[in-house]
>>> print(open('my_file31.cif').read())   # mmCIF, C-alpha atoms and all ligand atoms
data_my_file
#
loop_
_atom_site.label_atom_id
_atom_site.label_comp_id
_atom_site.auth_asym_id
_atom_site.auth_seq_id
_atom_site.Cartn_x
_atom_site.Cartn_y
_atom_site.Cartn_z
CA MET A 99 60.46 -24.67 -129.01
CA SER A 100 61.03 -26.43 -125.69
CA LEU A 101 59.92 -24.72 -122.54
CA ARG A 102 63.53 -24.40 -121.42
CA LEU A 103 64.57 -22.70 -124.68
CA GLN A 104 61.58 -20.38 -124.48
CA PHE A 105 62.60 -19.38 -120.97
CA GLN A 106 66.21 -18.72 -122.03
CA THR A 107 65.06 -16.52 -124.92
CA TYR A 108 62.77 -14.61 -122.57
CA GLN A 109 65.63 -14.14 -120.07
CA LYS A 110 67.93 -12.80 -122.79
CA ARG A 111 65.31 -10.31 -123.99
CA LEU A 112 64.63 -9.17 -120.43
CA SER A 113 68.29 -8.62 -119.70
CA ALA A 114 68.74 -6.64 -122.97
CA THR A 115 65.76 -4.43 -122.07
CA LEU A 116 67.08 -3.82 -118.55
CA LYS A 117 70.49 -2.92 -119.95
CA GLU A 118 68.88 -0.45 -122.33
CA LEU A 119 66.83 1.13 -119.56
CA SER A 120 69.88 1.69 -117.38
CA ASN A 121 71.94 3.27 -120.16
CA PRO A 122 72.34 6.93 -119.10
CA GLU A 123 72.44 8.00 -122.76
CA LEU A 124 68.89 6.77 -123.19
CA LEU A 125 67.49 8.28 -119.98
CA PRO A 126 65.47 11.43 -120.65
CA ALA A 127 67.24 14.64 -119.67
CA ALA A 128 65.91 16.19 -116.45
CA ILE A 129 66.17 19.67 -117.96
CA GLU A 130 66.50 20.81 -121.58
CA VAL A 131 66.87 24.49 -122.39
CA ARG A 132 67.06 25.89 -125.92
CA SER A 133 67.93 29.50 -126.78
CA LEU A 134 66.25 31.14 -123.80
CA SER A 135 66.22 34.92 -123.93
CA LYS A 136 64.70 37.44 -121.60
CA THR A 137 64.97 41.19 -121.19
CA TYR A 138 63.33 42.74 -118.15
CA ARG A 139 61.69 46.10 -118.62
CA TYR A 140 64.20 48.96 -118.14
CA SER A 141 66.98 46.40 -117.80
CA VAL A 142 69.82 44.84 -119.70
CA LYS A 143 69.36 41.45 -121.33
CA ALA A 144 69.15 39.00 -118.41
CA LEU A 145 69.26 35.92 -120.69
CA ASP A 146 70.75 35.96 -124.14
CA GLY A 147 70.34 32.61 -125.92
CA LEU A 148 70.95 30.26 -123.00
CA ASN A 149 71.29 26.52 -123.76
CA LEU A 150 71.50 23.75 -121.16
CA SER A 151 71.02 20.04 -120.80
CA VAL A 152 70.92 18.39 -117.38
CA ALA A 153 71.14 14.58 -117.22
CA GLY A 154 68.62 12.75 -115.05
CA GLY A 155 69.84 11.96 -111.51
CA SER A 156 72.80 14.33 -111.65
CA ILE A 157 73.81 17.56 -109.94
CA PHE A 158 74.32 20.40 -112.38
CA ALA A 159 75.75 23.76 -111.27
CA LEU A 160 75.04 27.08 -112.93
CA LEU A 161 78.05 29.10 -111.95
CA GLY A 162 78.17 32.83 -112.50
CA PRO A 163 78.78 36.17 -110.81
CA ASN A 164 76.04 38.58 -109.63
CA GLY A 165 73.61 39.43 -112.39
CA ALA A 166 74.75 36.63 -114.74
CA GLY A 167 71.14 35.40 -115.12
CA LYS A 168 71.11 32.42 -112.74
CA SER A 169 67.93 33.30 -110.84
CA THR A 170 66.18 34.34 -114.05
CA THR A 171 66.92 30.89 -115.50
CA ILE A 172 65.53 29.20 -112.38
CA LYS A 173 62.42 31.41 -112.40
CA ILE A 174 61.67 30.43 -115.99
CA LEU A 175 62.32 26.72 -115.40
CA THR A 176 60.07 26.75 -112.33
CA THR A 177 57.29 28.57 -114.30
CA LEU A 178 57.49 31.74 -112.18
CA SER A 179 58.56 33.84 -115.15
CA LYS A 180 58.23 33.62 -118.94
CA PRO A 181 61.03 33.97 -121.47
CA ASP A 182 60.77 36.36 -124.45
CA SER A 183 61.85 33.48 -126.68
CA GLY A 184 63.27 29.97 -126.55
CA GLU A 185 61.95 26.79 -125.02
CA ALA A 186 62.53 24.63 -121.97
CA ARG A 187 61.46 21.21 -120.74
CA VAL A 188 61.69 20.03 -117.15
CA ALA A 189 61.19 16.32 -116.36
CA GLY A 190 60.24 16.00 -120.04
CA ILE A 191 57.41 18.58 -119.72
CA ASP A 192 57.27 21.86 -121.63
CA VAL A 193 57.35 24.76 -119.12
CA LEU A 194 55.35 27.10 -121.33
CA ARG A 195 52.70 24.63 -122.52
CA GLU A 196 52.10 22.69 -119.30
CA PRO A 197 53.23 24.80 -116.33
CA GLN A 198 50.86 23.05 -113.88
CA ARG A 199 52.36 19.64 -114.64
CA VAL A 200 55.88 21.06 -114.32
CA ARG A 201 55.01 22.48 -110.89
CA ARG A 202 53.90 19.07 -109.66
CA SER A 203 57.22 17.50 -110.73
CA ILE A 204 59.61 20.04 -109.26
CA GLY A 205 60.76 21.39 -105.93
CA CYS A 206 62.18 24.88 -105.75
CA VAL A 207 64.28 26.51 -103.09
CA ALA A 208 64.47 30.18 -104.02
CA GLN A 209 67.39 32.50 -103.35
CA LYS A 210 65.19 34.29 -100.79
CA SER A 211 64.04 31.93 -98.02
CA GLY A 212 60.45 30.69 -98.12
CA VAL A 213 60.41 29.79 -94.42
CA ASP A 214 57.74 31.51 -92.31
CA GLU A 215 59.78 32.72 -89.35
CA ASN A 216 56.73 32.99 -87.09
CA CYS A 217 55.83 29.32 -87.46
CA THR A 218 57.61 26.28 -86.07
CA GLY A 219 59.57 23.94 -88.33
CA ARG A 220 56.75 21.38 -88.14
CA GLU A 221 54.09 24.01 -88.95
CA ASN A 222 56.08 25.23 -91.94
CA LEU A 223 56.30 21.71 -93.36
CA THR A 224 52.69 20.82 -92.55
CA LEU A 225 51.36 23.94 -94.27
CA GLN A 226 53.52 23.32 -97.33
CA GLY A 227 52.28 19.70 -97.47
CA GLN A 228 48.66 20.86 -97.30
CA LEU A 229 49.29 23.25 -100.19
CA HIS A 230 50.37 20.19 -102.17
CA GLY A 231 47.21 18.28 -101.23
CA LEU A 232 48.71 16.01 -98.54
CA HIS A 233 46.73 15.40 -95.34
CA GLY A 234 46.15 13.07 -92.40
CA ALA A 235 48.59 10.31 -91.46
CA ASP A 236 50.31 10.52 -94.84
CA LEU A 237 51.20 14.18 -94.29
CA LYS A 238 52.32 13.61 -90.69
CA GLN A 239 54.58 10.77 -91.78
CA ARG A 240 56.11 12.83 -94.57
CA VAL A 241 56.76 15.76 -92.20
CA ASP A 242 58.37 13.44 -89.63
CA THR A 243 60.55 11.83 -92.29
CA LEU A 244 61.80 15.20 -93.52
CA LEU A 245 62.40 16.57 -89.99
CA ASP A 246 64.48 13.46 -89.24
CA ARG A 247 66.22 13.53 -92.55
CA PHE A 248 67.42 17.11 -92.06
CA SER A 249 68.23 16.69 -88.33
CA LEU A 250 65.50 19.15 -87.40
CA ALA A 251 63.34 16.81 -85.29
CA SER A 252 64.52 18.16 -81.93
CA ALA A 253 63.92 21.75 -83.08
CA SER A 254 60.60 21.03 -84.79
CA ALA A 255 58.46 22.69 -82.08
CA ARG A 256 60.51 25.92 -82.05
CA VAL A 257 59.59 28.93 -84.19
CA ALA A 258 61.89 29.22 -87.19
CA SER A 259 63.06 32.71 -86.15
CA THR A 260 65.17 30.93 -83.49
CA TYR A 261 66.92 28.70 -86.09
CA SER A 262 70.51 29.21 -87.22
CA GLY A 263 71.15 30.12 -90.88
CA GLY A 264 72.06 26.51 -91.69
CA MET A 265 68.92 25.14 -90.00
CA LYS A 266 66.70 27.61 -91.88
CA ARG A 267 68.28 26.60 -95.18
CA LYS A 268 67.74 22.91 -94.39
CA LEU A 269 64.10 23.65 -93.59
CA ASP A 270 63.87 25.50 -96.91
CA ILE A 271 65.12 22.41 -98.76
CA ALA A 272 62.76 20.14 -96.79
CA LEU A 273 59.87 22.43 -97.85
CA GLY A 274 60.91 21.97 -101.47
CA LEU A 275 60.86 18.19 -101.10
CA ILE A 276 57.52 17.68 -99.33
CA HIS A 277 55.68 16.46 -102.47
CA ARG A 278 58.50 14.12 -103.58
CA PRO A 279 59.58 16.07 -106.69
CA ARG A 280 61.75 14.51 -109.42
CA VAL A 281 63.77 17.65 -110.10
CA LEU A 282 65.00 20.05 -107.42
CA PHE A 283 66.09 23.65 -108.05
CA LEU A 284 68.37 25.26 -105.48
CA ASP A 285 69.10 28.94 -106.01
CA GLU A 286 72.32 29.71 -104.10
CA PRO A 287 71.67 27.15 -101.36
CA THR A 288 74.71 28.03 -99.26
CA THR A 289 75.12 31.79 -99.68
CA GLY A 290 75.60 33.46 -96.32
CA LEU A 291 76.30 30.24 -94.43
CA ASP A 292 79.45 29.67 -92.40
CA PRO A 293 81.91 27.06 -93.76
CA GLU A 294 80.70 24.35 -91.37
CA ALA A 295 77.01 24.77 -92.26
CA ARG A 296 77.97 24.93 -95.93
CA ALA A 297 79.87 21.62 -95.74
CA GLU A 298 76.91 19.99 -93.97
CA LEU A 299 74.52 21.19 -96.65
CA TRP A 300 76.84 19.91 -99.38
CA GLU A 301 76.60 16.46 -97.80
CA GLU A 302 72.80 16.65 -97.78
CA ILE A 303 72.65 17.75 -101.40
CA ALA A 304 75.02 14.95 -102.47
CA ARG A 305 72.85 12.43 -100.57
CA LEU A 306 69.67 13.63 -102.30
CA SER A 307 71.35 13.19 -105.64
CA ALA A 308 72.56 9.70 -104.70
CA GLU A 309 68.90 8.84 -104.04
CA GLY A 310 68.09 9.67 -107.66
CA LEU A 311 66.89 13.29 -107.50
CA SER A 312 68.00 15.53 -110.39
CA ILE A 313 69.34 18.81 -109.03
CA LEU A 314 70.07 22.15 -110.67
CA LEU A 315 71.81 24.55 -108.33
CA THR A 316 73.19 28.01 -108.82
CA THR A 317 76.24 29.30 -107.04
CA HIS A 318 78.86 32.04 -106.91
CA TYR A 319 81.21 29.68 -105.18
CA LEU A 320 83.70 28.11 -107.55
CA GLU A 321 84.55 25.57 -104.86
CA GLU A 322 80.90 24.58 -104.44
CA ALA A 323 80.48 23.81 -108.13
CA ASP A 324 83.81 21.98 -108.17
CA ARG A 325 82.92 19.80 -105.16
CA LEU A 326 79.27 19.01 -105.83
CA ALA A 327 78.40 19.04 -109.47
CA GLN A 328 78.95 16.38 -112.12
CA ASN A 329 78.50 19.10 -114.72
CA ILE A 330 79.00 22.83 -114.62
CA ALA A 331 77.86 25.60 -116.93
CA ILE A 332 79.67 28.89 -116.44
CA ILE A 333 77.33 31.72 -117.37
CA ASP A 334 78.17 35.30 -118.07
CA ARG A 335 75.74 37.99 -119.17
CA GLY A 336 72.93 35.57 -119.89
CA HIS A 337 74.64 32.85 -121.84
CA VAL A 338 76.78 29.79 -121.27
CA VAL A 339 80.45 30.52 -121.91
CA ALA A 340 81.81 27.10 -120.94
CA GLU A 341 80.32 23.77 -119.96
CA GLY A 342 81.57 20.37 -118.82
CA THR A 343 82.84 18.52 -115.78
CA ALA A 344 85.05 20.53 -113.43
CA GLU A 345 87.99 18.37 -114.49
CA ALA A 346 87.33 18.83 -118.21
CA LEU A 347 86.96 22.59 -117.80
CA LYS A 348 90.20 22.84 -115.85
CA GLY A 349 91.83 20.44 -118.29
CA GLU A 350 91.28 22.96 -121.10
CA LEU A 351 94.00 25.00 -119.45
CA ARG A 352 97.45 23.54 -119.78
CA GLY A 353 100.13 24.27 -117.19
CA ASP A 354 99.99 26.48 -114.11
CA SER A 355 98.62 29.91 -113.37
CA VAL A 356 101.06 32.52 -112.08
CA GLU A 357 99.66 35.48 -110.19
CA VAL A 358 101.78 38.46 -109.22
CA GLU A 359 100.56 41.08 -106.73
CA LEU A 360 102.23 44.44 -107.36
CA ALA A 361 103.41 46.64 -104.51
CA GLU A 362 102.06 49.67 -106.39
CA ALA A 363 99.98 50.04 -109.55
CA ALA A 364 101.95 50.35 -112.81
CA PRO A 365 100.79 51.15 -116.36
CA ASP A 366 99.43 48.06 -118.21
CA GLU A 367 101.61 48.85 -121.25
CA ALA A 368 104.81 48.84 -119.16
CA ILE A 369 103.94 45.43 -117.69
CA ASN A 370 102.91 43.93 -121.01
CA ALA A 371 106.06 45.26 -122.69
CA ALA A 372 108.26 43.82 -119.93
CA LEU A 373 106.63 40.40 -120.01
CA ARG A 374 106.42 40.09 -123.79
CA ASN A 375 110.07 38.96 -123.76
CA VAL A 376 109.50 36.20 -121.20
CA ALA A 377 108.87 33.40 -123.67
CA VAL A 378 107.61 30.83 -121.16
CA LEU A 379 104.62 33.02 -120.25
CA SER A 380 101.33 33.13 -122.10
CA GLU A 381 97.94 34.78 -121.68
CA VAL A 382 99.28 37.72 -119.67
CA GLN A 383 96.42 39.79 -118.23
CA VAL A 384 96.77 42.84 -116.03
CA SER A 385 94.01 44.07 -113.76
CA ALA A 386 94.66 46.84 -111.22
CA LYS A 387 97.54 45.60 -109.06
CA THR A 388 97.37 41.95 -110.16
CA VAL A 389 99.09 40.28 -113.11
CA HIS A 390 97.80 36.88 -114.26
CA ALA A 391 99.74 34.67 -116.64
CA ARG A 392 100.01 31.02 -117.61
CA ALA A 393 103.15 28.90 -117.86
CA GLU A 394 103.82 25.25 -118.61
CA HIS A 395 105.94 25.05 -115.42
CA GLY A 396 104.96 27.84 -113.06
CA ALA A 397 107.97 27.57 -110.74
CA THR A 398 110.54 27.96 -113.52
CA ALA A 399 108.66 30.89 -115.06
CA VAL A 400 108.77 32.98 -111.87
CA PRO A 401 112.48 34.03 -111.83
CA PRO A 402 112.59 35.45 -115.42
CA MET A 403 109.20 37.08 -114.82
CA LEU A 404 110.45 38.87 -111.70
CA VAL A 405 113.67 39.93 -113.42
CA ALA A 406 111.70 41.40 -116.34
CA LEU A 407 109.33 43.29 -114.04
CA GLU A 408 112.17 44.64 -111.92
CA ALA A 409 114.05 45.79 -115.01
CA ALA A 410 110.92 47.73 -116.03
CA GLY A 411 110.77 49.38 -112.61
CA VAL A 412 107.64 47.48 -111.52
CA LYS A 413 107.65 46.64 -107.80
CA VAL A 414 106.34 43.20 -106.83
CA ALA A 415 104.69 42.43 -103.46
CA SER A 416 104.04 38.68 -103.80
CA VAL A 417 103.87 35.80 -106.28
CA LYS A 418 101.55 32.76 -106.32
CA VAL A 419 101.81 29.69 -108.54
CA ALA A 420 98.76 27.41 -108.71
CA ARG A 421 97.22 24.56 -110.67
CA PRO A 422 94.31 25.73 -112.82
CA THR A 423 91.10 26.54 -110.90
CA LEU A 424 87.60 27.25 -112.14
CA ASP A 425 88.45 30.94 -111.71
CA ASP A 426 91.14 30.51 -114.38
CA VAL A 427 88.54 28.87 -116.63
CA TYR A 428 86.23 31.81 -116.04
CA LEU A 429 89.02 34.27 -116.79
CA ARG A 430 89.85 32.43 -120.01
CA HIS A 431 86.26 32.57 -121.25
CA THR A 432 85.22 36.04 -120.12
CA GLY A 433 88.48 38.00 -120.00
CA LYS A 434 87.89 38.94 -116.35
CA THR A 435 88.19 37.27 -112.97
CA PHE A 436 85.14 36.27 -110.99
CA GLN A 437 85.82 39.03 -108.44
CA GLN A 438 86.08 41.66 -111.18
CA ALA A 439 82.81 40.48 -112.72
CA GLU A 440 81.07 40.75 -109.34
CA ALA A 441 82.48 44.23 -108.75
CA GLN A 442 81.42 45.35 -112.27
CA GLN A 443 77.87 44.15 -111.66
CA ALA A 444 77.76 45.87 -108.26
CA ASN A 445 78.70 49.16 -109.94
CA ARG A 446 76.09 48.87 -112.70
N1 LIG B 501 62.52 41.79 -111.84
C1 LIG B 501 63.53 42.37 -112.49
N2 LIG B 501 63.38 43.56 -113.12
C2 LIG B 501 64.41 44.15 -113.80
N3 LIG B 501 65.64 43.60 -113.92
C3 LIG B 501 65.86 42.42 -113.32
C4 LIG B 501 64.83 41.74 -112.57
N4 LIG B 501 65.35 40.58 -112.10
C5 LIG B 501 66.63 40.54 -112.52
N5 LIG B 501 66.95 41.64 -113.26
C6 LIG B 501 68.24 41.92 -113.91
O1 LIG B 501 68.54 40.82 -114.76
C7 LIG B 501 69.92 40.48 -114.69
C8 LIG B 501 70.05 39.02 -114.24
O2 LIG B 501 69.55 38.89 -112.93
P1 LIG B 501 69.49 37.52 -112.10
O3 LIG B 501 68.76 37.81 -110.84
O4 LIG B 501 68.99 36.46 -112.99
O5 LIG B 501 71.04 37.28 -111.83
P2 LIG B 501 71.77 36.23 -110.87
O6 LIG B 501 72.79 35.54 -111.69
O7 LIG B 501 70.77 35.42 -110.16
O8 LIG B 501 72.52 37.21 -109.84
P3 LIG B 501 72.81 37.01 -108.25
O9 LIG B 501 74.03 36.17 -108.19
O10 LIG B 501 73.08 38.41 -107.77
O11 LIG B 501 71.61 36.39 -107.62
C9 LIG B 501 70.55 41.48 -113.73
O12 LIG B 501 71.10 42.52 -114.51
C10 LIG B 501 69.39 41.98 -112.91
O13 LIG B 501 69.62 43.31 -112.48
MG MG B 502 70.29 35.13 -108.21
#
>>> encode(input="my_file31.cif", output="structure tokens", more="lines below")
Ligand SMILES: Nc1ncnc2c1ncn2[C@@H]1O[C@H](COP(=O)(O)OP(=O)(O)OP(=O)(O)O)[C@@H](O)[C@H]1O
Ligand SMILES: [Mg+2]
Amino acid sequence: MSLRLQFQTYQKRLSATLKELSNPELLPAAIEVRSLSKTYRYSVKALDGLNLSVAGGSIFALLGPNGAGKSTTIKILTTLSKPDSGEARVAGIDVLREPQRVRRSIGCVAQKSGVDENCTGRENLTLQGQLHGLHGADLKQRVDTLLDRFSLASASARVASTYSGGMKRKLDIALGLIHRPRVLFLDEPTTGLDPEARAELWEEIARLSAEGLSILLTTHYLEEADRLAQNIAIIDRGHVVAEGTAEALKGELRGDSVEVELAEAAPDEAINAALRNVAVLSEVQVSAKTVHARAEHGATAVPPMLVALEAAGVKVASVKVARPTLDDVYLRHTGKTFQQAEAQQANR
């Protein structure tokens, strides 16, 4: 074979290999979870056969109300807790067999802040770096990079107790990144932040993902999952009830959602009986003073709906027609709205 031909064959092989390597289907999953179950002592089942798969380099949101099992999942995946059964791999490493190796590959920002309020931003980061075996010029450079990266450089000499909520959360994330992890866990990163700080943090999280980090975050905020995550798993009582992209999940629901607020509570049976004859409505659900229904064309379904309710003596305060939201998806899969699920958990 001539030298030229040899070179061409080599080039072809190289390009095929590169193509294969960049095929997302062939990239190892960042997180694989199979049938995880866990019951805490004196508690209900926190996880009940949870399955997940998070693609490398993506943002994945675990969306669920209070008590759904989000933090328990994160604790198991970050080796802080053990499941009763099931298995999980993070960055390709088994969390039960090789917890030490998993810890070196991950960063974790817990629901409760890990920032030491009595130390400055720089001291917090330096200490965290030392815990991970960094020192000298290498450590200083890493701390400076992260302070810059999270716009904390000018506040780096102030004690963290003087930071705003958004600044503290950014410092928390910087702490989780000090050792350059491949997978980052964020447990409710924006809870308690004002809308501006939340939007800023969303930008940061999206940027980290664009740089190749795989991120699993948990959230109560439907909007957060919708905005940030390529894939969402909705969890309820310890297992996944629906999974997919926000668009695919919303796409499961055809038509519009119609929500009627009643002026005063009325018996469920009376409402259901009245609306049974409104053919354009489907999936009618009554909860307290709110009636949810679906209709192919929301606007045209409203007049007959109001007529039927009025004829049954049910007084209406307001009506809202909307395109499907993740809340509708949640309602479809769990039979309750997100707010109801949160209230139920709070009363448990
Ligand atoms: N250490 C514990 N001991 C006993 N029960 C626990 C413990 N931790 C969690 N639970 C229970 O397990 C269930 C799942 O809790 P988990 O903290 O995983 O929920 P979550 O989805 O993170 O909720 P939140 O949105 O409120 O943070 C809840 O019923 C909770 O009360
Ligand atoms: Mg939690």
>>> residues_around(input="my_file31.cif", residues="region 235-238 of chain A", least_positions_apart="2", cutoff="10 Å", atoms="only C-alpha atoms", output="PyMOL selection string")
chain A and resi 220+223-228+230-233+240-243+276-277
>>> residues_near_ligand(input="my_file31.cif", ligand="ligand MG 502 (chain B)", cutoff="10 Å", atoms="only C-alpha atoms and all ligand atoms", output="ChimeraX atom specification")
/A:162-173,208-210,285-286,316-318
>>> atom_distance(input="my_file31.cif", atom1="CA of Lys143 (chain A)", atom2="atom O7 of ligand LIG 501 (chain B)")
12.8 Å
>>> atom_distance(input="my_file31.cif", atom1="CA of Asp292 (chain A)", atom2="CA of Ala327 (chain A)")
20.1 Å
>>> axis_aligned_box(input="my_file31.cif", around="ligand LIG 501 (chain B)", padding_each_side="5 Å", output="AutoDock Vina command-line options")
--center_x 68.3 --center_y 39.8 --center_z -111.2 --size_x 21.5 --size_y 18.7 --size_z 17.1
>>> closest_residue(input="my_file31.cif", among="A:Ala323, A:Val358, A:Leu284, A:Leu145", to="Thr176 (chain A)", atoms="all atoms listed in the file")
A:Leu284
>>> atom_distance(input="my_file31.cif", atom1="CA of Arg201 (chain A)", atom2="CA of Ile174 (chain A)")
11.6 Å
>>> residues_around(input="my_file31.cif", residues="Leu315 (chain A)", least_positions_apart="4", cutoff="12 Å", atoms="only C-alpha atoms", output="ChimeraX atom specification")
/A:152,156-162,168-169,171-172,205-209,271,281-289,300,303-304,307,319,322-323,326-331
>>> write_last_selection(input="my_file31.cif", atoms="C-alpha atoms", output="compact mmCIF listing (two decimals), in the frame of the given file")
# COMPACT_ATOMS: atom_id res chain seq x y z
CA VAL A 152 70.92 18.39 -117.38
CA SER A 156 72.80 14.33 -111.65
CA ILE A 157 73.81 17.56 -109.94
CA PHE A 158 74.32 20.40 -112.38
CA ALA A 159 75.75 23.76 -111.27
CA LEU A 160 75.04 27.08 -112.93
CA LEU A 161 78.05 29.10 -111.95
CA GLY A 162 78.17 32.83 -112.50
CA LYS A 168 71.11 32.42 -112.74
CA SER A 169 67.93 33.30 -110.84
CA THR A 171 66.92 30.89 -115.50
CA ILE A 172 65.53 29.20 -112.38
CA GLY A 205 60.76 21.39 -105.93
CA CYS A 206 62.18 24.88 -105.75
CA VAL A 207 64.28 26.51 -103.09
CA ALA A 208 64.47 30.18 -104.02
CA GLN A 209 67.39 32.50 -103.35
CA ILE A 271 65.12 22.41 -98.76
CA VAL A 281 63.77 17.65 -110.10
CA LEU A 282 65.00 20.05 -107.42
CA PHE A 283 66.09 23.65 -108.05
CA LEU A 284 68.37 25.26 -105.48
CA ASP A 285 69.10 28.94 -106.01
CA GLU A 286 72.32 29.71 -104.10
CA PRO A 287 71.67 27.15 -101.36
CA THR A 288 74.71 28.03 -99.26
CA THR A 289 75.12 31.79 -99.68
CA TRP A 300 76.84 19.91 -99.38
CA ILE A 303 72.65 17.75 -101.40
CA ALA A 304 75.02 14.95 -102.47
CA SER A 307 71.35 13.19 -105.64
CA TYR A 319 81.21 29.68 -105.18
CA GLU A 322 80.90 24.58 -104.44
CA ALA A 323 80.48 23.81 -108.13
CA LEU A 326 79.27 19.01 -105.83
CA ALA A 327 78.40 19.04 -109.47
CA GLN A 328 78.95 16.38 -112.12
CA ASN A 329 78.50 19.10 -114.72
CA ILE A 330 79.00 22.83 -114.62
CA ALA A 331 77.86 25.60 -116.93
>>> closest_residue(input="my_file31.cif", among="A:Glu362, A:Asp426, A:Asp192, A:Glu357", to="Leu404 (chain A)", atoms="only C-alpha atoms")
A:Glu357
>>> closest_atom_pairs(input="my_file31.cif", of="region 336-361 of chain A", to="region 407-418 of chain A", cutoff="10 Å", atoms="all atoms listed in the file", output="Markdown table")
| residue | atom | partner | partner_atom | distance |
| --- | --- | --- | --- | --- |
| A:Ser355 | CA | A:Lys418 | CA | 8.1 |
| A:Val356 | CA | A:Lys418 | CA | 5.8 |
| A:Glu357 | CA | A:Lys418 | CA | 5.1 |
| A:Val358 | CA | A:Val417 | CA | 4.5 |
| A:Glu359 | CA | A:Ser416 | CA | 5.1 |
| A:Leu360 | CA | A:Val414 | CA | 4.3 |
| A:Ala361 | CA | A:Ala415 | CA | 4.5 |
